[in-house]
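> Below you'll find entry.cif; it's mmCIF, C-alpha atoms.
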data_model
loop_
_atom_site.label_atom_id
_atom_site.label_comp_id
_atom_site.auth_asym_id
_atom_site.auth_seq_id
_atom_site.Cartn_x
_atom_site.Cartn_y
_atom_site.Cartn_z
CA MET A 1 2.10 39.51 49.88
CA GLU A 2 -0.31 36.92 48.52
CA LYS A 3 0.26 35.95 44.93
CA GLU A 4 -2.32 36.86 42.33
CA ARG A 5 -4.55 33.95 41.25
CA LYS A 6 -5.11 33.57 37.52
CA ARG A 7 -7.04 31.11 35.37
CA ARG A 8 -6.04 29.55 32.06
CA ASP A 9 -7.68 26.75 30.13
CA VAL A 10 -4.32 25.15 29.41
CA ILE A 11 -0.89 25.61 30.89
CA VAL A 12 2.00 24.21 28.90
CA ILE A 13 5.19 23.60 30.86
CA GLY A 14 8.13 23.94 28.52
CA ALA A 15 8.61 25.99 25.36
CA GLY A 16 10.42 23.59 23.05
CA MET A 17 8.95 22.36 19.80
CA ALA A 18 6.38 20.16 21.57
CA GLY A 19 5.22 22.86 23.97
CA LEU A 20 4.97 25.62 21.38
CA THR A 21 3.15 23.36 18.92
CA ALA A 22 0.73 22.45 21.71
CA ALA A 23 0.22 26.17 22.36
CA LEU A 24 -0.42 26.79 18.68
CA TYR A 25 -3.08 24.06 18.48
CA ALA A 26 -4.67 24.96 21.82
CA GLY A 27 -4.80 28.61 20.78
CA ARG A 28 -6.42 27.68 17.50
CA SER A 29 -8.96 25.63 19.47
CA GLY A 30 -10.05 28.83 21.20
CA LEU A 31 -8.47 27.97 24.55
CA SER A 32 -6.60 30.43 26.74
CA VAL A 33 -3.00 29.15 26.86
CA LEU A 34 0.07 30.07 28.82
CA VAL A 35 3.46 28.50 28.12
CA LEU A 36 5.96 28.68 30.98
CA GLU A 37 9.66 28.21 30.34
CA SER A 38 12.41 28.82 32.87
CA GLU A 39 15.34 27.91 30.63
CA LEU A 40 15.64 28.58 26.89
CA VAL A 41 12.65 28.93 24.59
CA GLY A 42 13.36 26.26 22.01
CA GLY A 43 14.83 23.80 24.46
CA GLN A 44 17.54 21.64 22.93
CA ILE A 45 17.32 23.24 19.48
CA ALA A 46 17.89 26.75 20.82
CA ASN A 47 21.61 25.93 20.50
CA ALA A 48 21.40 24.26 17.09
CA ALA A 49 23.23 26.17 14.36
CA GLY A 50 21.53 24.44 11.45
CA ILE A 51 18.75 21.87 11.33
CA GLU A 52 18.89 19.60 8.31
CA ASN A 53 16.00 17.25 8.99
CA TYR A 54 12.93 19.41 9.53
CA PRO A 55 10.78 18.86 6.45
CA GLY A 56 10.54 21.84 4.14
CA LEU A 57 13.08 24.00 6.00
CA PRO A 58 16.53 22.57 5.22
CA GLY A 59 19.37 24.19 7.14
CA ILE A 60 17.22 26.54 9.20
CA GLY A 61 18.79 27.75 12.46
CA GLY A 62 17.26 26.39 15.64
CA GLY A 63 16.62 29.86 17.02
CA GLU A 64 14.99 30.97 13.79
CA LEU A 65 12.73 27.91 13.60
CA ILE A 66 11.57 28.17 17.18
CA ALA A 67 10.97 31.93 16.91
CA ALA A 68 8.70 31.25 13.96
CA VAL A 69 6.73 28.60 15.87
CA GLN A 70 6.45 30.92 18.89
CA ALA A 71 5.17 33.76 16.70
CA GLN A 72 2.67 31.37 15.12
CA ALA A 73 1.40 30.28 18.54
CA GLU A 74 1.18 33.88 19.77
CA LYS A 75 -0.76 34.83 16.66
CA PHE A 76 -3.49 32.48 17.87
CA GLY A 77 -3.53 33.96 21.36
CA ALA A 78 -1.00 31.85 23.26
CA ALA A 79 1.24 33.67 25.73
CA VAL A 80 4.82 32.60 26.44
CA ASP A 81 6.46 33.62 29.71
CA GLU A 82 10.16 32.73 29.91
CA PHE A 83 11.00 34.69 33.03
CA ASP A 84 8.53 33.45 35.66
CA SER A 85 9.81 30.17 37.11
CA ILE A 86 7.48 27.46 38.41
CA VAL A 87 7.87 26.67 42.09
CA ARG A 88 5.11 24.06 42.56
CA VAL A 89 2.50 22.07 40.67
CA GLU A 90 -0.56 20.12 41.85
CA LEU A 91 -1.52 17.98 38.91
CA SER A 92 -4.13 15.70 40.49
CA ALA A 93 -6.15 18.67 41.77
CA GLN A 94 -9.05 20.07 39.78
CA PRO A 95 -8.47 22.75 38.75
CA LYS A 96 -4.79 22.01 38.45
CA ILE A 97 -2.43 24.38 40.22
CA VAL A 98 0.74 25.79 38.75
CA GLU A 99 2.42 28.22 41.12
CA THR A 100 5.16 30.47 39.81
CA GLU A 101 7.37 33.03 41.53
CA SER A 102 4.75 35.70 40.83
CA ALA A 103 1.30 34.03 40.52
CA VAL A 104 -0.85 31.01 41.24
CA TYR A 105 -2.41 29.67 38.06
CA GLU A 106 -5.53 27.50 38.02
CA ALA A 107 -5.64 25.44 34.85
CA GLY A 108 -8.20 23.09 33.34
CA ALA A 109 -5.49 21.02 31.70
CA VAL A 110 -1.72 20.86 31.87
CA ILE A 111 0.65 19.75 29.13
CA LEU A 112 4.05 18.59 30.32
CA ALA A 113 6.57 19.42 27.59
CA THR A 114 9.68 19.85 29.68
CA GLY A 115 11.89 17.87 27.35
CA MET A 116 15.36 16.84 28.30
CA LYS A 117 18.26 18.49 30.04
CA ARG A 118 21.92 18.01 29.23
CA ARG A 119 23.80 15.49 31.31
CA LYS A 120 26.62 16.95 33.34
CA LEU A 121 30.13 15.59 33.09
CA ALA A 122 30.43 12.92 35.79
CA LEU A 123 33.82 13.84 37.19
CA PRO A 124 34.04 15.08 40.78
CA GLU A 125 36.06 18.15 39.78
CA ALA A 126 33.84 19.10 36.79
CA ALA A 127 31.65 21.51 38.78
CA ARG A 128 34.75 23.36 40.01
CA TYR A 129 35.81 24.07 36.44
CA GLU A 130 32.34 25.00 35.15
CA GLY A 131 32.74 28.31 33.31
CA ARG A 132 36.51 28.01 33.77
CA GLY A 133 37.18 25.38 31.16
CA VAL A 134 34.09 23.17 31.33
CA HIS A 135 31.16 24.43 29.26
CA TYR A 136 27.73 23.40 28.08
CA CYS A 137 27.02 26.12 25.46
CA GLU A 138 29.44 26.38 22.56
CA LEU A 139 27.56 29.29 21.01
CA CYS A 140 27.91 31.30 24.25
CA ASP A 141 31.42 30.38 25.29
CA GLY A 142 33.20 29.20 22.15
CA GLN A 143 34.70 32.59 21.27
CA ALA A 144 36.80 32.44 24.43
CA TYR A 145 38.71 29.54 22.88
CA ALA A 146 39.72 31.09 19.56
CA GLY A 147 43.16 29.75 18.69
CA LYS A 148 43.20 27.36 21.66
CA THR A 149 42.90 23.61 22.26
CA VAL A 150 39.41 22.36 23.03
CA ALA A 151 37.55 19.10 23.26
CA VAL A 152 33.96 18.12 22.74
CA ILE A 153 32.89 15.11 24.74
CA GLY A 154 30.13 13.01 23.20
CA GLY A 155 29.29 11.18 20.01
CA GLY A 156 25.76 12.12 18.99
CA ASN A 157 24.61 14.70 16.46
CA ALA A 158 24.68 17.54 18.99
CA ALA A 159 28.29 16.72 19.92
CA VAL A 160 29.45 16.49 16.32
CA ASP A 161 27.67 19.73 15.41
CA ALA A 162 29.26 21.46 18.42
CA ALA A 163 32.65 20.10 17.36
CA GLU A 164 32.22 21.41 13.84
CA TYR A 165 31.32 24.87 15.12
CA LEU A 166 34.28 24.94 17.52
CA SER A 167 36.73 23.56 14.94
CA LYS A 168 36.37 26.86 13.06
CA LEU A 169 37.54 28.77 16.15
CA ALA A 170 40.01 26.49 17.88
CA ALA A 171 43.59 25.74 16.85
CA LYS A 172 43.04 22.09 17.77
CA LEU A 173 39.82 20.23 18.45
CA TYR A 174 39.40 16.77 19.94
CA LEU A 175 36.13 14.90 19.72
CA ILE A 176 36.18 12.37 22.54
CA GLN A 177 33.71 9.52 22.70
CA ARG A 178 33.71 6.53 25.04
CA SER A 179 32.34 4.18 22.34
CA GLU A 180 31.55 4.80 18.65
CA LEU A 181 29.98 7.89 17.06
CA ARG A 182 26.20 7.84 16.80
CA ALA A 183 25.88 11.01 14.72
CA ASP A 184 24.66 11.10 11.11
CA ALA A 185 27.31 10.04 8.61
CA ALA A 186 26.92 13.39 6.77
CA SER A 187 27.70 15.38 9.93
CA VAL A 188 30.73 13.23 10.75
CA GLU A 189 32.01 13.61 7.19
CA ARG A 190 31.71 17.39 7.45
CA LEU A 191 33.64 17.39 10.73
CA ARG A 192 36.43 15.17 9.40
CA ALA A 193 37.03 17.66 6.59
CA HIS A 194 38.55 20.09 9.10
CA GLY A 195 42.31 19.58 9.32
CA ASN A 196 42.55 20.53 13.00
CA VAL A 197 40.14 17.83 14.22
CA GLU A 198 41.18 14.63 15.94
CA ILE A 199 38.52 12.08 16.81
CA LEU A 200 39.33 9.83 19.76
CA LEU A 201 36.96 6.86 20.02
CA GLN A 202 36.83 4.29 22.81
CA THR A 203 38.23 7.03 25.03
CA GLU A 204 36.93 8.30 28.36
CA PRO A 205 37.75 11.48 30.27
CA ARG A 206 39.25 10.51 33.63
CA ALA A 207 40.35 13.79 35.24
CA LEU A 208 40.56 17.54 34.78
CA SER A 209 43.38 19.65 36.11
CA GLY A 210 44.61 23.22 36.17
CA ASP A 211 45.24 25.98 38.64
CA GLY A 212 41.85 27.73 38.86
CA LYS A 213 41.31 27.30 35.16
CA LEU A 214 41.43 24.09 33.15
CA SER A 215 44.79 23.40 31.55
CA ALA A 216 44.89 19.62 31.06
CA MET A 217 42.66 16.58 30.78
CA THR A 218 43.51 12.97 31.50
CA LEU A 219 42.02 10.45 29.09
CA PHE A 220 41.71 6.68 29.29
CA ASP A 221 42.19 4.83 26.02
CA LYS A 222 40.02 1.72 26.49
CA GLU A 223 41.64 -0.25 23.68
CA ALA A 224 45.21 0.41 24.81
CA GLY A 225 44.19 0.20 28.48
CA ALA A 226 46.30 3.28 29.21
CA GLU A 227 45.85 6.78 30.54
CA LYS A 228 47.41 9.88 29.01
CA GLU A 229 47.28 13.58 29.90
CA ILE A 230 46.87 16.15 27.14
CA PRO A 231 47.00 19.96 27.38
CA MET A 232 43.42 21.30 27.22
CA ASP A 233 42.02 24.82 27.46
CA GLY A 234 38.30 24.07 27.19
CA VAL A 235 35.93 21.12 27.27
CA PHE A 236 32.42 21.30 25.85
CA VAL A 237 30.19 18.58 27.23
CA ASN A 238 27.60 16.96 24.96
CA ILE A 239 27.08 13.53 26.49
CA GLY A 240 23.37 13.25 26.03
CA VAL A 241 20.30 14.22 27.91
CA GLU A 242 17.93 13.02 30.60
CA PRO A 243 14.21 13.69 31.13
CA ASN A 244 13.45 16.95 32.87
CA THR A 245 10.84 15.83 35.39
CA ALA A 246 11.97 17.04 38.83
CA LEU A 247 8.96 19.36 39.12
CA PHE A 248 6.36 16.59 38.89
CA ALA A 249 8.21 13.26 39.24
CA ASP A 250 6.21 12.40 42.39
CA GLN A 251 2.85 13.06 40.73
CA VAL A 252 2.77 11.26 37.37
CA HIS A 253 3.84 7.77 36.38
CA LEU A 254 7.39 7.61 35.04
CA ASP A 255 9.08 4.70 33.28
CA LYS A 256 12.39 3.20 34.38
CA ALA A 257 14.33 5.77 32.33
CA GLY A 258 12.43 8.59 34.02
CA ASN A 259 10.19 9.51 31.08
CA VAL A 260 6.52 10.32 31.63
CA VAL A 261 4.42 7.29 30.75
CA ALA A 262 1.92 8.23 28.04
CA GLY A 263 0.88 6.73 24.71
CA GLU A 264 0.47 8.41 21.35
CA ASP A 265 -2.57 10.25 22.69
CA CYS A 266 -0.16 11.84 25.19
CA LYS A 267 -2.50 11.08 28.12
CA THR A 268 -0.74 10.48 31.43
CA ASN A 269 -2.20 8.59 34.39
CA LEU A 270 -3.82 11.83 35.58
CA PRO A 271 -6.97 13.11 33.88
CA GLY A 272 -6.33 16.40 32.10
CA VAL A 273 -2.55 16.03 32.26
CA PHE A 274 -0.74 15.31 29.00
CA ALA A 275 2.92 14.68 28.19
CA ALA A 276 4.38 15.81 24.88
CA GLY A 277 7.76 15.65 23.21
CA ASP A 278 11.02 14.18 24.44
CA VAL A 279 9.83 13.87 28.05
CA ARG A 280 7.24 11.25 27.02
CA THR A 281 7.96 7.52 26.79
CA LYS A 282 8.72 6.90 23.14
CA GLU A 283 11.13 5.28 20.71
CA VAL A 284 11.91 8.18 18.38
CA ARG A 285 12.80 11.66 19.66
CA GLN A 286 12.96 14.14 16.82
CA LEU A 287 11.67 17.66 16.19
CA THR A 288 8.99 16.19 13.95
CA THR A 289 7.77 13.78 16.63
CA ALA A 290 7.82 16.60 19.19
CA ALA A 291 5.58 18.65 16.91
CA ALA A 292 3.31 15.63 16.47
CA ASP A 293 3.07 15.17 20.25
CA GLY A 294 2.29 18.84 20.77
CA THR A 295 -0.58 18.47 18.33
CA ALA A 296 -1.99 15.33 19.98
CA ALA A 297 -1.65 16.75 23.48
CA ALA A 298 -3.37 20.04 22.64
CA LEU A 299 -6.24 18.40 20.80
CA GLY A 300 -6.56 15.91 23.67
CA ALA A 301 -6.66 18.77 26.17
CA ALA A 302 -9.31 20.56 24.10
CA LYS A 303 -11.42 17.39 24.03
CA TYR A 304 -10.94 16.90 27.77
CA LEU A 305 -12.04 20.47 28.49
CA ARG A 306 -15.18 19.97 26.38
CA SER A 307 -16.21 16.93 28.42
CA PRO A 308 -19.12 17.27 30.89
CA GLY A 309 -18.31 19.29 33.97
CA LYS A 310 -14.95 20.53 32.69
CA GLN A 311 -16.03 23.64 30.76
CA ASN A 312 -15.68 25.91 33.77
CA PHE A 313 -13.20 23.69 35.59
CA MET B 314 23.94 52.88 30.46
CA VAL B 315 23.34 49.14 30.65
CA LYS B 316 25.45 47.18 28.17
CA VAL B 317 25.00 43.60 27.02
CA TYR B 318 28.08 42.00 25.48
CA SER B 319 26.66 39.37 23.18
CA MET B 320 27.02 37.22 20.10
CA THR B 321 24.45 36.92 17.34
CA SER B 322 23.55 33.25 17.77
CA CYS B 323 24.04 32.93 21.50
CA PRO B 324 20.64 31.89 22.93
CA TRP B 325 21.35 33.08 26.48
CA CYS B 326 22.31 36.50 25.07
CA VAL B 327 18.93 36.68 23.35
CA LYS B 328 17.22 35.73 26.60
CA ALA B 329 19.17 38.32 28.62
CA LYS B 330 18.22 41.07 26.16
CA LYS B 331 14.57 39.99 26.16
CA TYR B 332 14.61 40.06 29.96
CA LEU B 333 15.88 43.65 30.01
CA GLU B 334 13.24 44.58 27.45
CA SER B 335 10.53 42.92 29.58
CA LYS B 336 11.58 45.17 32.46
CA GLY B 337 11.69 48.28 30.27
CA VAL B 338 15.46 48.67 30.74
CA ALA B 339 17.22 50.41 27.86
CA TYR B 340 20.53 48.81 26.94
CA GLN B 341 23.31 48.95 24.41
CA ASP B 342 23.89 45.70 22.56
CA CYS B 343 27.65 45.24 22.14
CA ASN B 344 28.19 42.37 19.70
CA ILE B 345 31.68 40.96 20.21
CA GLU B 346 31.61 39.16 16.85
CA GLU B 347 30.90 42.28 14.84
CA ASP B 348 32.57 45.04 16.86
CA GLU B 349 36.28 44.77 17.68
CA ALA B 350 36.03 47.55 20.30
CA ALA B 351 33.23 45.60 22.04
CA ARG B 352 35.36 42.46 21.96
CA VAL B 353 38.26 44.27 23.60
CA ALA B 354 35.98 45.91 26.17
CA CYS B 355 34.31 42.59 27.05
CA GLN B 356 37.67 40.91 27.58
CA LYS B 357 38.90 43.83 29.67
CA LEU B 358 35.75 43.78 31.82
CA SER B 359 35.34 40.06 32.46
CA GLY B 360 38.81 38.76 31.58
CA ASP B 361 37.31 36.45 29.00
CA LEU B 362 35.11 36.24 25.91
CA MET B 363 32.17 34.33 27.28
CA VAL B 364 28.75 35.88 26.79
CA PRO B 365 26.32 37.29 27.72
CA VAL B 366 28.04 39.79 29.99
CA ILE B 367 25.75 42.45 31.45
CA THR B 368 27.06 45.59 33.08
CA ALA B 369 25.51 48.84 34.25
CA ASN B 370 28.68 50.71 35.21
CA ASP B 371 31.50 49.10 33.20
CA VAL B 372 32.92 47.68 36.46
CA ASP B 373 30.46 45.22 38.00
CA TYR B 374 29.06 42.60 35.66
CA VAL B 375 26.98 39.44 35.46
CA LEU B 376 28.23 36.59 33.28
CA GLY B 377 25.47 34.40 31.84
CA PHE B 378 21.72 34.77 32.28
CA ASP B 379 21.06 34.89 36.02
CA LYS B 380 17.81 36.71 36.75
CA ALA B 381 18.52 37.35 40.43
CA LYS B 382 22.03 38.66 39.77
CA ILE B 383 20.83 40.87 36.91
CA ASP B 384 18.10 42.30 39.17
CA ALA B 385 20.70 43.03 41.86
CA LEU B 386 23.01 44.64 39.31
CA LEU B 387 20.21 46.87 38.05
CA SER B 388 19.09 47.94 41.52
CA ALA B 389 22.62 48.73 42.76
#
Just dump the structure as structure tokens.


Amino acid sequence: MEKERKRRDVIVIGAGMAGLTAALYAGRSGLSVLVLESELVGGQIANAAGIENYPGLPGIGGGELIAAVQAQAEKFGAAVDEFDSIVRVELSAQPKIVETESAVYEAGAVILATGMKRRKLALPEAARYEGRGVHYCELCDGQAYAGKTVAVIGGGNAAVDAAEYLSKLAAKLYLIQRSELRADAASVERLRAHGNVEILLQTEPRALSGDGKLSAMTLFDKEAGAEKEIPMDGVFVNIGVEPNTALFADQVHLDKAGNVVAGEDCKTNLPGVFAAGDVRTKEVRQLTTAAADGTAAALGAAKYLRSPGKQNF
Amino acid sequence: MVKVYSMTSCPWCVKAKKYLESKGVAYQDCNIEEDEAARVACQKLSGDLMVPVITANDVDYVLGFDKAKIDALLSA
């Protein structure tokens, strides 16, 4: 059966802070807007227990913050669909084509706000233990490790926050980082206050083992130059992120790190295609800069759609 | 009756429940943090305490948000 064809002024790909802010501004500009998200609305902050650095909202939960932004965007007419996955985009076409599992959308402008995805643990056996000792969502899977020994791998804010959450459940928690911690001093201080936490720096995971389910992890202490195996029930991986661009990597210019090349105006190399948030080439990746990008991209799209010949794309 | 074993702040649990709502499927939300009986039932069903767990008959279940598997579970 042929898919239904639909038209929208703007399609936003990704419903994190950048995408939802873009939807809010595009909606307020009187444009018809659809936001498509195949993973979690909220992106990386959907998992965040408490956000301390969003101005005016100290300590707000990630889910709560993003729900408020989504409601604000929807109030101005934006629609968010988190169940219809994109199968194909044609960004250099005019109108632009965004095909999902259920429809073919024609859009005057497209805002790429796909953000970042978590890096997977680079051990050959990691995939085999996924869901059986190797995890990527502490809020979903942490309860299974109450009273057990767990590790968080990583040294950024997300890793330290995950470790703090898990330290309240686990009997013993290791934070394992191959170099030094990059997290805020305040977060690290809070984590260190838990008596069951051991922080292993300059330490790399080398192997996972266990019969069907994880039961031990081999670590390499870089300073001592020695390996050791420790009993381990669960490992939560938080080793950073990479740009989420597989859908359109062959259509827009990317930099060496795989980010979409665009300046502060969020314009990509393709007319009518904008990049906003963490997926864009930039120095600072924060919620505040994502919101700023969403604003610039939406207002840029509105201006683009007002230009001669684009009104009825 | 469809049941969703969940936790309050688990984002994939929220998504699973929203998906059922989008399809007009009535479900019972069984929060394993707040309800000890739900916690025991979840562990008995899936052998673990990872969420979301979705079941329609207390025997077959889907762990995590997997649209295709949830659709298959609902149409079985």

> Show me which bits of chain B are within 7 Å of chain A, counting all atoms listed in the file, as a list in words.

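Close enough to count are Ser322, Cys323, Pro324, Asp361, Leu362, Met363 and Val364 of chain B.
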
> Once the PyMOL selection byres ((chain A and resi 108-116) around 6) has been evaluated on this model, what residues remain selected, and can you format them as a list in words?

Asp9, Val10, Ile11, Val12, Ile13, Gly14, Gly19, Pro95, Ala107, Lys117, Val241, Glu242, Pro243, Asn244, Gly272, Val273, Phe274, Ala275, Ala276, Gly277, Asp278, Val279 and Phe313 of chain A

> Can you turn the PyMOL selection byres ((chain B and resi 337-345) around 9) into a concrete residue list for this file, as a list in words?

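For this structure, the PyMOL selection byres ((chain B and resi 337-345) around 9) captures Gln143 of chain A; Met314, Val315, Lys316, Val317, Tyr318, Ser319, Met320, Thr321, Lys330, Tyr332, Leu333, Glu334, Ser335, Lys336, Glu346, Glu347, Asp348, Glu349, Ala350, Ala351, Arg352, Val353, Ala354, Cys355, Leu362, Val364, Ala369 and Leu387 of chain B.
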
> Run the PyMOL selection byres ((chain A and resi 183-199) around 10) on the file and write out the hits as a VMD selection string.

chain A and resid 52 149 to 152 154 to 168 170 to 177 180 to 182 200 to 203

> Rank A:Glu4, A:Glu74, A:Gly133, A:Arg178 by their smallest atom-to-atom distance to Thr100 (chain A), using only C-alpha atoms, and report the top residue only.

A:Glu4

> Which residue out of A:Gln94, A:Thr281, A:Ser85, A:Asn238 has the minimum interatomic distance to Glu37 (chain A) when only C-alpha atoms are used?

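Counting only C-alpha atoms, the residue closest to Glu37 (chain A) is A:Ser85.
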
> Hey, can you pull every residue with an atom no more than 7 Å from (30.6, 41.4, 31.6), using all atoms listed in the file, and send it as a PyMOL selection string?

chain B and resi 318+355+358-359+366-368+374-376

> Could you take the residues named above and write them with C-alpha atoms, as an mmCIF file, keeping the file's coordinate frame?


data_model
loop_
_atom_site.group_PDB
_atom_site.id
_atom_site.type_symbol
_atom_site.label_atom_id
_atom_site.label_comp_id
_atom_site.auth_asym_id
_atom_site.auth_seq_id
_atom_site.Cartn_x
_atom_site.Cartn_y
_atom_site.Cartn_z
ATOM 1 C CA TYR B 318 28.080 42.000 25.480
ATOM 2 C CA CYS B 355 34.310 42.590 27.050
ATOM 3 C CA LEU B 358 35.750 43.780 31.820
ATOM 4 C CA SER B 359 35.340 40.060 32.460
ATOM 5 C CA VAL B 366 28.040 39.790 29.990
ATOM 6 C CA ILE B 367 25.750 42.450 31.450
ATOM 7 C CA THR B 368 27.060 45.590 33.080
ATOM 8 C CA TYR B 374 29.060 42.600 35.660
ATOM 9 C CA VAL B 375 26.980 39.440 35.460
ATOM 10 C CA LEU B 376 28.230 36.590 33.280
#

> Restricting the calculation to only C-alpha atoms, which member of B:Gly377, B:Asn370, B:Trp325, B:Lys331 is positioned closest to Ala389 (chain B)?

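Nearest candidate to Ala389 (chain B) out of B:Gly377, B:Asn370, B:Trp325, B:Lys331: B:Asn370.
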
> What's the separation between CA of Glu264 (chain A) and CA of Leu65 (chain A), in Å to one decimal place?

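Computed distance, CA of Glu264 (chain A) to CA of Leu65 (chain A), equals 24.3 Å.
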
> Any idea what the distance is between CA of Phe248 (chain A) and CA of Val260 (chain A)?

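Here the two named atoms are 9.6 Å from each other.
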
> CA of Glu106 (chain A) and CA of Leu299 (chain A), how far apart in Å?

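Value for the CA of Leu299 (chain A)-CA of Glu106 (chain A) distance: 19.5 Å.
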
> Please write as a list in words the list of polymer residues whose atoms come within 10 Å of (2.5, 38.6, 48.1), counting all atoms listed in the file and keeping to the coordinates of the file.

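So the residues meeting the distance criterion are Met1, Glu2, Lys3, Glu4, Glu101, Ser102 and Ala103 of chain A.
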
> Would you mind telling me which residue in A:Ala298, A:Pro231, A:Gly50, A:Leu219 lies nearest to Tyr25 (chain A) when using all atoms listed in the file?

A:Ala298
